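Colleague: This one is upload-v6.tsv, TSV, C-alpha atoms.
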chain	number	residue	atom	x	y	z
A	1035	MET	CA	87.43	117.84	82.31
A	1036	LEU	CA	85.86	120.58	84.46
A	1037	GLN	CA	82.49	119.28	85.56
A	1038	SER	CA	82.20	120.38	89.18
A	1039	ASP	CA	83.27	122.97	91.71
A	1040	ALA	CA	85.91	120.47	92.88
A	1041	ASP	CA	87.42	120.40	89.37
A	1042	PHE	CA	87.48	124.19	89.16
A	1043	ASN	CA	88.98	124.44	92.64
A	1044	LEU	CA	91.72	121.94	91.78
A	1045	LEU	CA	92.57	123.91	88.62
A	1046	LYS	CA	92.92	127.03	90.73
A	1047	LYS	CA	95.24	125.26	93.17
A	1048	ILE	CA	97.34	123.78	90.34
A	1049	SER	CA	97.75	127.28	88.92
A	1050	ILE	CA	98.83	128.67	92.29
A	1051	SER	CA	101.20	125.72	92.84
A	1052	ASP	CA	103.11	126.68	89.70
A	1053	ILE	CA	103.79	130.29	90.74
A	1054	HIS	CA	107.33	129.46	91.86
A	1055	PHE	CA	108.32	132.99	92.88
A	1056	LEU	CA	105.76	133.04	95.70
A	1057	SER	CA	106.44	131.60	99.15
A	1058	LEU	CA	103.90	129.39	100.90
A	1059	GLY	CA	102.48	132.33	102.85
A	1060	GLU	CA	102.22	134.41	99.70
A	1061	LYS	CA	100.47	131.60	97.82
A	1062	LEU	CA	97.95	131.31	100.62
A	1063	SER	CA	97.35	135.08	100.53
A	1064	PHE	CA	96.93	135.00	96.75
A	1065	GLU	CA	94.53	132.06	97.03
A	1066	LYS	CA	92.46	133.99	99.56
A	1067	TYR	CA	92.28	136.91	97.13
A	1068	LEU	CA	91.14	134.62	94.29
A	1069	ASP	CA	88.57	132.96	96.53
A	1070	GLY	CA	87.12	136.39	97.26
A	1071	ILE	CA	86.54	136.86	93.54
A	1072	ARG	CA	85.03	133.37	93.28
A	1073	ASP	CA	82.66	133.98	96.19
A	1074	LYS	CA	81.51	137.27	94.70
A	1075	SER	CA	81.39	136.52	90.96
A	1076	GLY	CA	82.07	132.80	90.40
A	1077	PHE	CA	84.85	130.71	88.88
A	1078	ASP	CA	84.65	132.33	85.44
A	1079	ALA	CA	85.56	135.69	86.95
A	1080	LEU	CA	88.31	134.07	89.03
A	1081	PHE	CA	90.02	132.51	86.00
A	1082	LYS	CA	89.56	135.66	83.92
A	1083	LYS	CA	91.35	137.63	86.62
A	1084	LEU	CA	94.05	134.99	86.95
A	1085	SER	CA	94.78	135.11	83.22
A	1086	GLU	CA	94.94	138.93	83.18
A	1087	ILE	CA	96.56	139.80	86.50
A	1088	SER	CA	99.91	141.57	86.31
A	1089	ARG	CA	103.06	140.97	88.32
A	1090	ASP	CA	102.59	144.37	89.98
A	1091	GLU	CA	99.09	143.40	91.08
A	1092	ILE	CA	100.40	140.16	92.54
A	1093	SER	CA	103.05	142.19	94.37
A	1094	GLU	CA	100.36	144.36	95.91
A	1095	ILE	CA	98.27	141.35	96.97
A	1096	VAL	CA	101.14	139.50	98.69
A	1097	GLY	CA	102.76	142.64	100.12
A	1098	ARG	CA	106.17	142.22	98.48
A	1099	ARG	CA	107.65	143.99	95.48
A	1100	ILE	CA	108.32	141.31	92.85
A	1101	LEU	CA	110.79	142.70	90.32
A	1102	ARG	CA	112.50	139.98	88.30
A	1103	ALA	CA	110.19	136.97	88.23
A	1104	ALA	CA	108.77	136.09	84.84
A	1105	TRP	CA	104.98	136.04	84.82
A	1106	ASN	CA	102.26	135.52	82.24
A	1107	GLY	CA	98.85	134.71	83.66
A	1108	GLU	CA	97.48	133.26	80.44
A	1109	SER	CA	100.44	130.88	80.07
A	1110	ASN	CA	100.15	129.88	83.72
A	1111	LEU	CA	96.51	128.99	83.27
A	1112	LYS	CA	97.14	127.03	80.06
A	1113	LYS	CA	99.85	125.04	81.81
A	1114	ALA	CA	97.47	124.32	84.70
A	1115	VAL	CA	94.86	123.00	82.27
A	1116	VAL	CA	97.42	120.62	80.73
A	1117	SER	CA	98.47	119.49	84.20
A	1118	LYS	CA	94.84	118.85	85.16
A	1119	LYS	CA	94.47	116.60	82.10
A	1120	ILE	CA	97.56	114.62	83.18
A	1121	ILE	CA	96.13	114.30	86.69
A	1122	ASP	CA	92.87	112.94	85.32
A	1123	SER	CA	94.63	110.55	82.91
A	1124	PHE	CA	97.01	109.07	85.50
A	1125	MET	CA	94.61	109.25	88.46
A	1126	ILE	CA	97.10	111.40	90.35
A	1127	LYS	CA	96.03	112.48	93.82
A	1128	SER	CA	96.78	115.79	95.48
A	1129	VAL	CA	96.73	117.40	98.90
A	1130	PHE	CA	97.36	121.04	99.79
A	1131	TYR	CA	98.72	122.92	102.77
A	1132	GLY	CA	96.02	123.17	105.41
A	1133	ASP	CA	94.11	120.09	104.19
A	1134	SER	CA	93.49	117.39	106.78
A	1135	GLY	CA	95.54	114.87	104.78
A	1136	PHE	CA	98.59	117.09	104.30
A	1137	PRO	CA	101.74	115.40	105.75
A	1138	ALA	CA	102.12	116.74	109.28
A	1139	MET	CA	105.93	116.78	109.15
A	1140	LEU	CA	105.81	119.23	106.22
A	1141	SER	CA	104.02	121.91	108.23
A	1142	SER	CA	105.60	124.97	109.79
A	1143	SER	CA	104.35	123.79	113.19
A	1144	ALA	CA	106.62	120.73	112.80
A	1145	GLY	CA	109.67	122.94	112.31
A	1146	MET	CA	109.81	123.18	108.51
A	1147	SER	CA	110.63	126.77	107.63
A	1148	ASP	CA	109.71	126.54	103.94
A	1149	PRO	CA	106.82	124.07	103.54
A	1150	PRO	CA	105.42	123.18	100.13
A	1151	TYR	CA	101.99	124.47	99.11
A	1152	SER	CA	101.06	121.28	97.30
A	1153	ILE	CA	101.82	117.58	97.16
A	1154	PHE	CA	100.90	115.52	94.10
A	1155	TYR	CA	101.20	111.78	94.56
A	1156	ARG	CA	100.39	108.27	93.44
A	1157	GLY	CA	99.84	105.51	95.93
A	1158	SER	CA	98.99	106.18	99.56
A	1159	LEU	CA	100.37	108.67	102.08
A	1160	ASP	CA	99.10	106.52	104.96
A	1161	CYS	CA	102.58	105.07	105.49
A	1162	LEU	CA	103.72	108.53	106.61
A	1163	SER	CA	101.76	107.93	109.79
A	1164	ARG	CA	104.49	105.41	110.69
A	1165	GLN	CA	107.76	106.50	112.24
A	1166	CYS	CA	109.72	107.64	109.18
A	1167	VAL	CA	113.44	107.68	108.53
A	1168	SER	CA	115.04	109.43	105.56
A	1169	VAL	CA	117.96	107.61	103.96
A	1170	VAL	CA	120.27	109.52	101.61
A	1171	GLY	CA	123.61	109.12	99.89
A	1172	THR	CA	125.66	109.38	96.74
A	1173	ARG	CA	124.77	108.02	93.31
A	1174	ARG	CA	128.35	106.70	93.08
A	1175	ALA	CA	128.05	104.41	96.07
A	1176	ASN	CA	130.37	101.47	96.62
A	1177	PRO	CA	129.15	97.91	97.29
A	1178	VAL	CA	129.63	98.21	101.06
A	1179	ALA	CA	127.46	101.33	101.22
A	1180	LEU	CA	124.83	99.90	98.87
A	1181	LYS	CA	124.43	96.83	101.09
A	1182	ALA	CA	124.33	99.05	104.17
A	1183	ALA	CA	121.49	101.11	102.68
A	1184	PHE	CA	119.53	98.00	101.67
A	1185	ASP	CA	119.93	96.30	105.04
A	1186	PHE	CA	119.13	99.45	107.03
A	1187	ALA	CA	115.92	100.11	105.07
A	1188	ARG	CA	114.74	96.49	105.24
A	1189	ASP	CA	115.34	96.34	108.98
A	1190	ALA	CA	113.60	99.69	109.49
A	1191	CYS	CA	110.46	98.44	107.73
A	1192	ASP	CA	110.62	95.11	109.55
A	1193	ASP	CA	110.42	97.18	112.74
A	1194	GLY	CA	107.35	99.06	111.47
A	1195	SER	CA	109.05	102.21	110.20
A	1196	ALA	CA	108.74	103.78	106.75
A	1197	VAL	CA	111.72	104.77	104.59
A	1198	VAL	CA	111.89	108.07	102.71
A	1199	SER	CA	114.34	108.68	99.87
A	1200	GLY	CA	114.63	110.17	96.38
A	1201	LEU	CA	114.56	107.21	93.92
A	1202	ALA	CA	117.95	108.23	92.47
A	1203	PHE	CA	120.76	105.86	91.54
A	1204	GLY	CA	122.99	104.55	94.29
A	1205	ILE	CA	121.96	104.83	97.93
A	1206	ASP	CA	118.42	106.07	97.22
A	1207	ILE	CA	117.29	103.15	95.11
A	1208	GLU	CA	118.97	100.57	97.36
A	1209	SER	CA	117.06	102.07	100.28
A	1210	HIS	CA	113.78	101.68	98.41
A	1211	LYS	CA	114.73	98.12	97.40
A	1212	GLY	CA	115.53	97.25	101.00
A	1213	ALA	CA	112.20	98.64	102.16
A	1214	LEU	CA	110.37	96.67	99.47
A	1215	ALA	CA	112.15	93.48	100.57
A	1216	SER	CA	110.49	93.71	103.98
A	1217	SER	CA	107.24	91.90	104.74
A	1218	LYS	CA	106.09	95.26	106.18
A	1219	ALA	CA	107.19	97.31	103.17
A	1220	ALA	CA	106.57	101.04	103.46
A	1221	THR	CA	108.57	103.57	101.47
A	1222	VAL	CA	108.06	107.00	99.93
A	1223	ALA	CA	109.96	108.37	96.94
A	1224	VAL	CA	110.15	112.15	96.52
A	1225	LEU	CA	110.76	113.31	92.94
A	1226	PRO	CA	112.45	116.48	91.59
A	1227	GLY	CA	109.79	117.02	88.90
A	1228	GLY	CA	106.22	116.12	88.07
A	1229	ILE	CA	105.31	112.58	89.11
A	1230	ASP	CA	104.05	111.78	85.62
A	1231	THR	CA	107.74	111.41	84.66
A	1232	ILE	CA	109.85	109.11	86.84
A	1233	VAL	CA	113.46	110.28	87.18
A	1234	PRO	CA	115.52	108.30	86.35
A	1235	SER	CA	113.24	106.51	83.90
A	1236	SER	CA	114.97	103.17	84.53
A	1237	HIS	CA	113.51	103.23	88.05
A	1238	SER	CA	109.91	103.34	86.83
A	1239	LYS	CA	109.47	99.66	87.76
A	1240	TYR	CA	110.51	100.42	91.33
A	1241	ALA	CA	108.13	103.38	91.47
A	1242	ALA	CA	105.35	100.97	90.46
A	1243	LYS	CA	106.40	98.50	93.17
A	1244	ILE	CA	106.43	101.26	95.77
A	1245	ILE	CA	102.85	102.17	94.87
A	1246	GLU	CA	101.74	98.54	94.77
A	1247	SER	CA	103.22	97.92	98.22
A	1248	GLY	CA	101.16	100.70	99.80
A	1249	GLY	CA	103.81	103.40	99.66
A	1250	ALA	CA	103.82	106.59	97.60
A	1251	VAL	CA	105.65	108.48	94.89
A	1252	MET	CA	105.23	112.19	95.50
A	1253	SER	CA	106.27	115.66	94.37
A	1254	GLU	CA	105.43	119.26	95.15
A	1255	TYR	CA	105.58	120.11	91.44
A	1256	ILE	CA	102.55	120.05	89.18
A	1257	PRO	CA	102.44	117.17	86.68
A	1258	GLY	CA	104.23	118.10	83.49
A	1259	THR	CA	107.08	119.85	85.32
A	1260	PRO	CA	110.53	118.73	84.09
A	1261	ALA	CA	113.23	117.66	86.58
A	1262	GLU	CA	115.78	120.47	86.46
A	1263	LYS	CA	118.96	120.81	88.49
A	1264	PHE	CA	117.68	123.39	90.98
A	1265	ARG	CA	114.63	121.24	91.73
A	1266	PHE	CA	116.81	118.42	93.10
A	1267	VAL	CA	117.88	120.64	96.01
A	1268	GLN	CA	114.29	121.79	96.56
A	1269	ARG	CA	113.22	118.13	96.57
A	1270	ASN	CA	115.86	117.35	99.18
A	1271	ARG	CA	114.23	119.67	101.71
A	1272	ILE	CA	111.08	117.52	101.59
A	1273	VAL	CA	113.11	114.33	102.05
A	1274	ALA	CA	114.76	115.96	105.07
A	1275	ALA	CA	111.52	117.24	106.59
A	1276	LEU	CA	109.38	114.11	106.29
A	1277	SER	CA	111.31	112.23	108.99
A	1278	PRO	CA	112.49	112.99	112.51
A	1279	ALA	CA	115.94	111.82	111.41
A	1280	THR	CA	118.08	111.52	108.29
A	1281	VAL	CA	120.72	108.83	107.85
A	1282	VAL	CA	123.65	109.58	105.54
A	1283	VAL	CA	124.99	106.26	104.27
A	1284	GLN	CA	127.76	107.50	101.97
A	1285	ALA	CA	128.23	111.03	100.66
A	1286	PRO	CA	131.24	113.01	99.44
A	1287	ALA	CA	131.86	116.48	100.85
A	1288	GLY	CA	129.52	119.13	99.50
A	1289	SER	CA	127.19	116.63	97.82
A	1290	GLY	CA	123.43	116.92	97.58
A	1291	SER	CA	123.08	114.35	100.34
A	1292	MET	CA	125.09	116.52	102.71
A	1293	ILE	CA	122.87	119.46	101.75
A	1294	THR	CA	119.91	117.29	102.75
A	1295	ALA	CA	121.57	116.58	106.09
A	1296	GLY	CA	122.09	120.29	106.66
A	1297	LEU	CA	118.45	120.98	105.86
A	1298	ALA	CA	117.41	118.29	108.35
A	1299	LEU	CA	119.35	120.00	111.12
A	1300	GLY	CA	117.75	123.30	110.14
A	1301	TYR	CA	114.33	121.72	110.65
A	1302	ASN	CA	115.38	120.47	114.10
A	1303	ARG	CA	115.69	116.89	112.90
A	1304	ASP	CA	118.45	114.47	113.90
A	1305	VAL	CA	121.26	113.43	111.54
A	1306	PHE	CA	123.12	110.12	111.74
A	1307	VAL	CA	126.05	108.95	109.64
A	1308	HIS	CA	126.40	105.28	108.75
A	1309	SER	CA	129.77	103.70	109.35
A	1310	ALA	CA	129.78	102.75	105.64
A	1311	ALA	CA	130.51	106.42	104.94
A	1312	PHE	CA	134.00	105.85	106.33
A	1313	SER	CA	134.85	102.53	104.69
A	1314	GLY	CA	137.99	102.36	102.54
A	1315	GLN	CA	136.21	102.90	99.24
A	1316	SER	CA	134.06	105.70	100.66
A	1317	ALA	CA	137.11	107.48	102.03
A	1318	ARG	CA	138.86	107.22	98.66
A	1319	LEU	CA	135.88	108.71	96.83
A	1320	ASP	CA	135.68	111.56	99.32
A	1321	GLU	CA	139.42	112.18	98.87
A	1322	LEU	CA	139.03	112.27	95.08
A	1323	VAL	CA	136.15	114.75	95.35
A	1324	GLN	CA	138.13	117.03	97.63
A	1325	LYS	CA	141.15	116.89	95.31
A	1326	GLN	CA	138.92	117.83	92.39
A	1327	LEU	CA	137.51	120.78	94.33
A	1328	LEU	CA	140.99	122.06	95.13
A	1329	MET	CA	142.01	121.60	91.49
A	1330	ASP	CA	138.98	123.67	90.44
A	1331	VAL	CA	140.26	126.47	92.67
A	1332	ARG	CA	143.70	126.37	91.05
A	1333	ARG	CA	142.08	126.52	87.62
A	1334	GLY	CA	139.94	129.45	88.63
A	1335	LEU	CA	136.71	127.50	88.21
A	1336	LYS	CA	135.71	127.85	91.85
A	1337	THR	CA	136.50	130.25	94.69
A	1338	LYS	CA	138.41	129.25	97.81
A	1339	GLU	CA	135.39	130.22	99.91
A	1340	SER	CA	132.93	128.03	98.01
A	1341	VAL	CA	135.28	125.05	98.10
A	1342	ALA	CA	135.98	125.50	101.80
A	1343	GLY	CA	132.23	125.49	102.43
A	1344	LYS	CA	131.81	122.22	100.53
A	1345	ILE	CA	134.74	120.52	102.24
A	1346	ASP	CA	133.34	121.54	105.62
A	1347	ASN	CA	130.01	120.01	104.60
A	1348	SER	CA	131.16	116.39	104.89
A	1349	PRO	CA	130.19	113.32	106.95
A	1350	MET	CA	133.27	113.75	109.12
A	1351	ALA	CA	132.44	117.41	109.76
A	1352	PHE	CA	128.92	116.42	110.84
A	1353	VAL	CA	130.31	113.79	113.20
A	1354	ALA	CA	132.73	116.36	114.64
A	1355	SER	CA	129.71	118.58	115.29
A	1356	GLY	CA	127.86	115.87	117.18
A	1357	ALA	CA	126.21	113.55	114.64
A	1358	LYS	CA	126.31	109.92	115.79
A	1359	ILE	CA	127.89	107.14	113.75
A	1360	ILE	CA	125.67	104.05	113.46
A	1361	SER	CA	126.33	100.73	111.75
A	1362	SER	CA	122.83	99.23	111.78
A	1363	TYR	CA	119.17	100.06	112.17
A	1364	ASN	CA	119.23	98.80	115.76
A	1365	GLU	CA	122.04	101.22	116.63
A	1366	TYR	CA	120.13	104.00	114.91
A	1367	LYS	CA	116.99	103.21	116.88
A	1368	GLU	CA	118.87	103.14	120.17
A	1369	ASN	CA	120.62	106.46	119.48
A	1370	LEU	CA	117.42	108.09	118.25
A	1371	TYR	CA	115.74	107.13	121.50
A	1372	LEU	CA	118.64	108.51	123.52
A	1373	SER	CA	118.59	111.78	121.56
A	1374	ARG	CA	114.95	112.27	122.58
A	1375	ILE	CA	115.64	111.92	126.32
In structure tokens, how does this file's structure come out?

Modeller:
Amino acid sequence: MLQSDADFNLLKKISISDIHFLSLGEKLSFEKYLDGIRDKSGFDALFKKLSEISRDEISEIVGRRILRAAWNGESNLKKAVVSKKIIDSFMIKSVFYGDSGFPAMLSSSAGMSDPPYSIFYRGSLDCLSRQCVSVVGTRRANPVALKAAFDFARDACDDGSAVVSGLAFGIDIESHKGALASSKAATVAVLPGGIDTIVPSSHSKYAAKIIESGGAVMSEYIPGTPAEKFRFVQRNRIVAALSPATVVVQAPAGSGSMITAGLALGYNRDVFVHSAAFSGQSARLDELVQKQLLMDVRRGLKTKESVAGKIDNSPMAFVASGAKIISSYNEYKENLYLSRI
């Protein structure tokens, strides 16, 4: 498995990628420290140090006291070895922050405040050189919203754009399907776990079609990483950052899609809301969600403050704050152009 300096270097980067308690800047500082050991004593010394280094030593290297994070260097290295085997078996590609092929929109210079250190992917990232648009929405989408997502994505690709989404049920998968239906198909799916495991598994066939069409399935997590709840929100920040604009097709108040929209604004991206978000069925779902939130307060399951924050994080609240409502890709394109003037 490890036959060259490139193999050893990739193993080092996989190991660093999986140190979740370090920020991007801290990972880069830690990598610089490890490279100093490599340059002086070779890779064997580097990996020996990596397997033995303590949390306090890491704290000293990155300049921040790390108190609660679990750390075991030997376990980290063993996990990296397993991940490297998966990468070799599935011919998974990787690119790291600072590499020439790293997606430009995921850099701090493009406005992303918390860029990923690594991207593991299958397929091609070349489609990210197109104008990208991120399309998000609820898993419980109604037929009107599903058609809206499909049509928007197909029209976007027909116009030469690329569609970014998360491969989930509902709006996500319809967006990918719409992109794939275009003669100029280009779409990227961002996963909440290692790309060796497609989530949900029933969408594996669409992941394959995305790759075959020249798009990509990607993740910041090392192969072998399970999709856990907190990783869905972390994934959403990449969906938000990859495009100059995010379109919310249908999303109840406080949903993950609205979190994505908020992240997009934080990265100085535009947010648009599709008119399908206000159709009769969409409005009824949003009303049901808000009623459930208020009921949770009465039952003591949630605080008034947390519920108020979720209710304020809704498509209507975004529109009230200046987000434009669009009903087609052409309207989106026109409003995106106007927002840049």

Colleague: Tell me, in Å to one decimal, how far CA of Gly1290 (chain A) is from CA of Phe1264 (chain A).

Modeller: 10.9 Å

Colleague: Can you check which parts of region 1119-1217 of chain A lie within 10 Å of region 1256-1262 of chain A? Per residue, the shortest pair of atoms and distance in Å to one decimal, counting only C-alpha atoms, sorted by chain and number, as JSON lines.

Modeller:
{"residue": "A:Lys1119", "atom": "CA", "partner": "A:Pro1257", "partner_atom": "CA", "distance": 9.2}
{"residue": "A:Ile1120", "atom": "CA", "partner": "A:Pro1257", "partner_atom": "CA", "distance": 6.5}
{"residue": "A:Ile1121", "atom": "CA", "partner": "A:Pro1257", "partner_atom": "CA", "distance": 6.9}
{"residue": "A:Phe1124", "atom": "CA", "partner": "A:Pro1257", "partner_atom": "CA", "distance": 9.8}
{"residue": "A:Ile1126", "atom": "CA", "partner": "A:Pro1257", "partner_atom": "CA", "distance": 8.7}
{"residue": "A:Ser1128", "atom": "CA", "partner": "A:Ile1256", "partner_atom": "CA", "distance": 9.5}
{"residue": "A:Ser1152", "atom": "CA", "partner": "A:Ile1256", "partner_atom": "CA", "distance": 8.3}
{"residue": "A:Ile1153", "atom": "CA", "partner": "A:Ile1256", "partner_atom": "CA", "distance": 8.4}
{"residue": "A:Phe1154", "atom": "CA", "partner": "A:Ile1256", "partner_atom": "CA", "distance": 6.9}
{"residue": "A:Tyr1155", "atom": "CA", "partner": "A:Pro1257", "partner_atom": "CA", "distance": 9.6}

Colleague: Give me, as an MDAnalysis selection string, all polymer residues having an atom no more than 9 Å from Asn1347 (chain A), counting all atoms listed in the file and skipping those fewer than 5 positions away in the same chain.

Modeller: chainID A and resid 1286:1289 1292:1293 1296 1342 1352

Colleague: In Å, rounded to a single decimal, give me how far CA of Ser1199 (chain A) is from CA of Ala1179 (chain A).

Modeller: 15.1 Å

Colleague: Using all atoms listed in the file, which of the listed residues (A:Phe1042, A:Ala1250, A:Ser1057, A:Cys1161) sits closest to Gly1076 (chain A)?

Modeller: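 Distance minimum relative to Gly1076 (chain A) lands on A:Phe1042.
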
Colleague: Report as a ChimeraX atom specification all protein, DNA and RNA residues lying within 12 Å of Ser1051 (chain A), evaluated on all atoms listed in the file, omitting residues in the same chain fewer than 4 positions from it.

Modeller: /A:1044-1047,1055-1058,1060-1062,1064-1065,1110-1111,1113-1114,1117,1128-1131,1150-1154,1228,1253-1257,1259

Colleague: Next, the residues of the selection above should be written as a short mmCIF file (atom, residue, chain, number, x, y, z; two decimals), keeping the file's coordinate frame with C-alpha atoms.

Modeller:
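Listed below is the output, out.cif:
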data_model
loop_
_atom_site.label_atom_id
_atom_site.label_comp_id
_atom_site.auth_asym_id
_atom_site.auth_seq_id
_atom_site.Cartn_x
_atom_site.Cartn_y
_atom_site.Cartn_z
CA LEU A 1044 91.72 121.94 91.78
CA LEU A 1045 92.57 123.91 88.62
CA LYS A 1046 92.92 127.03 90.73
CA LYS A 1047 95.24 125.26 93.17
CA PHE A 1055 108.32 132.99 92.88
CA LEU A 1056 105.76 133.04 95.70
CA SER A 1057 106.44 131.60 99.15
CA LEU A 1058 103.90 129.39 100.90
CA GLU A 1060 102.22 134.41 99.70
CA LYS A 1061 100.47 131.60 97.82
CA LEU A 1062 97.95 131.31 100.62
CA PHE A 1064 96.93 135.00 96.75
CA GLU A 1065 94.53 132.06 97.03
CA ASN A 1110 100.15 129.88 83.72
CA LEU A 1111 96.51 128.99 83.27
CA LYS A 1113 99.85 125.04 81.81
CA ALA A 1114 97.47 124.32 84.70
CA SER A 1117 98.47 119.49 84.20
CA SER A 1128 96.78 115.79 95.48
CA VAL A 1129 96.73 117.40 98.90
CA PHE A 1130 97.36 121.04 99.79
CA TYR A 1131 98.72 122.92 102.77
CA PRO A 1150 105.42 123.18 100.13
CA TYR A 1151 101.99 124.47 99.11
CA SER A 1152 101.06 121.28 97.30
CA ILE A 1153 101.82 117.58 97.16
CA PHE A 1154 100.90 115.52 94.10
CA GLY A 1228 106.22 116.12 88.07
CA SER A 1253 106.27 115.66 94.37
CA GLU A 1254 105.43 119.26 95.15
CA TYR A 1255 105.58 120.11 91.44
CA ILE A 1256 102.55 120.05 89.18
CA PRO A 1257 102.44 117.17 86.68
CA THR A 1259 107.08 119.85 85.32
#

Colleague: Between CA of Cys1191 (chain A) and CA of Gln1165 (chain A), measure the distance and give it in Å to one decimal.

Modeller: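 Separation between CA of Cys1191 (chain A) and CA of Gln1165 (chain A): 9.6 Å.
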
Colleague: So, with all atoms listed in the file as the atoms that count, which of A:Asp1189, A:Leu1372, A:Ala1079, A:Phe1203 lies closest to Ala1215 (chain A)?

Modeller: A:Asp1189

Colleague: Just checking: using only C-alpha atoms, which residue out of A:Ala1285, A:Leu1299, A:Ala1104, A:Ala1354 ends up closest to Ala1175 (chain A)?

Modeller: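 Closest to Ala1175 (chain A) of all the choices is A:Ala1285.
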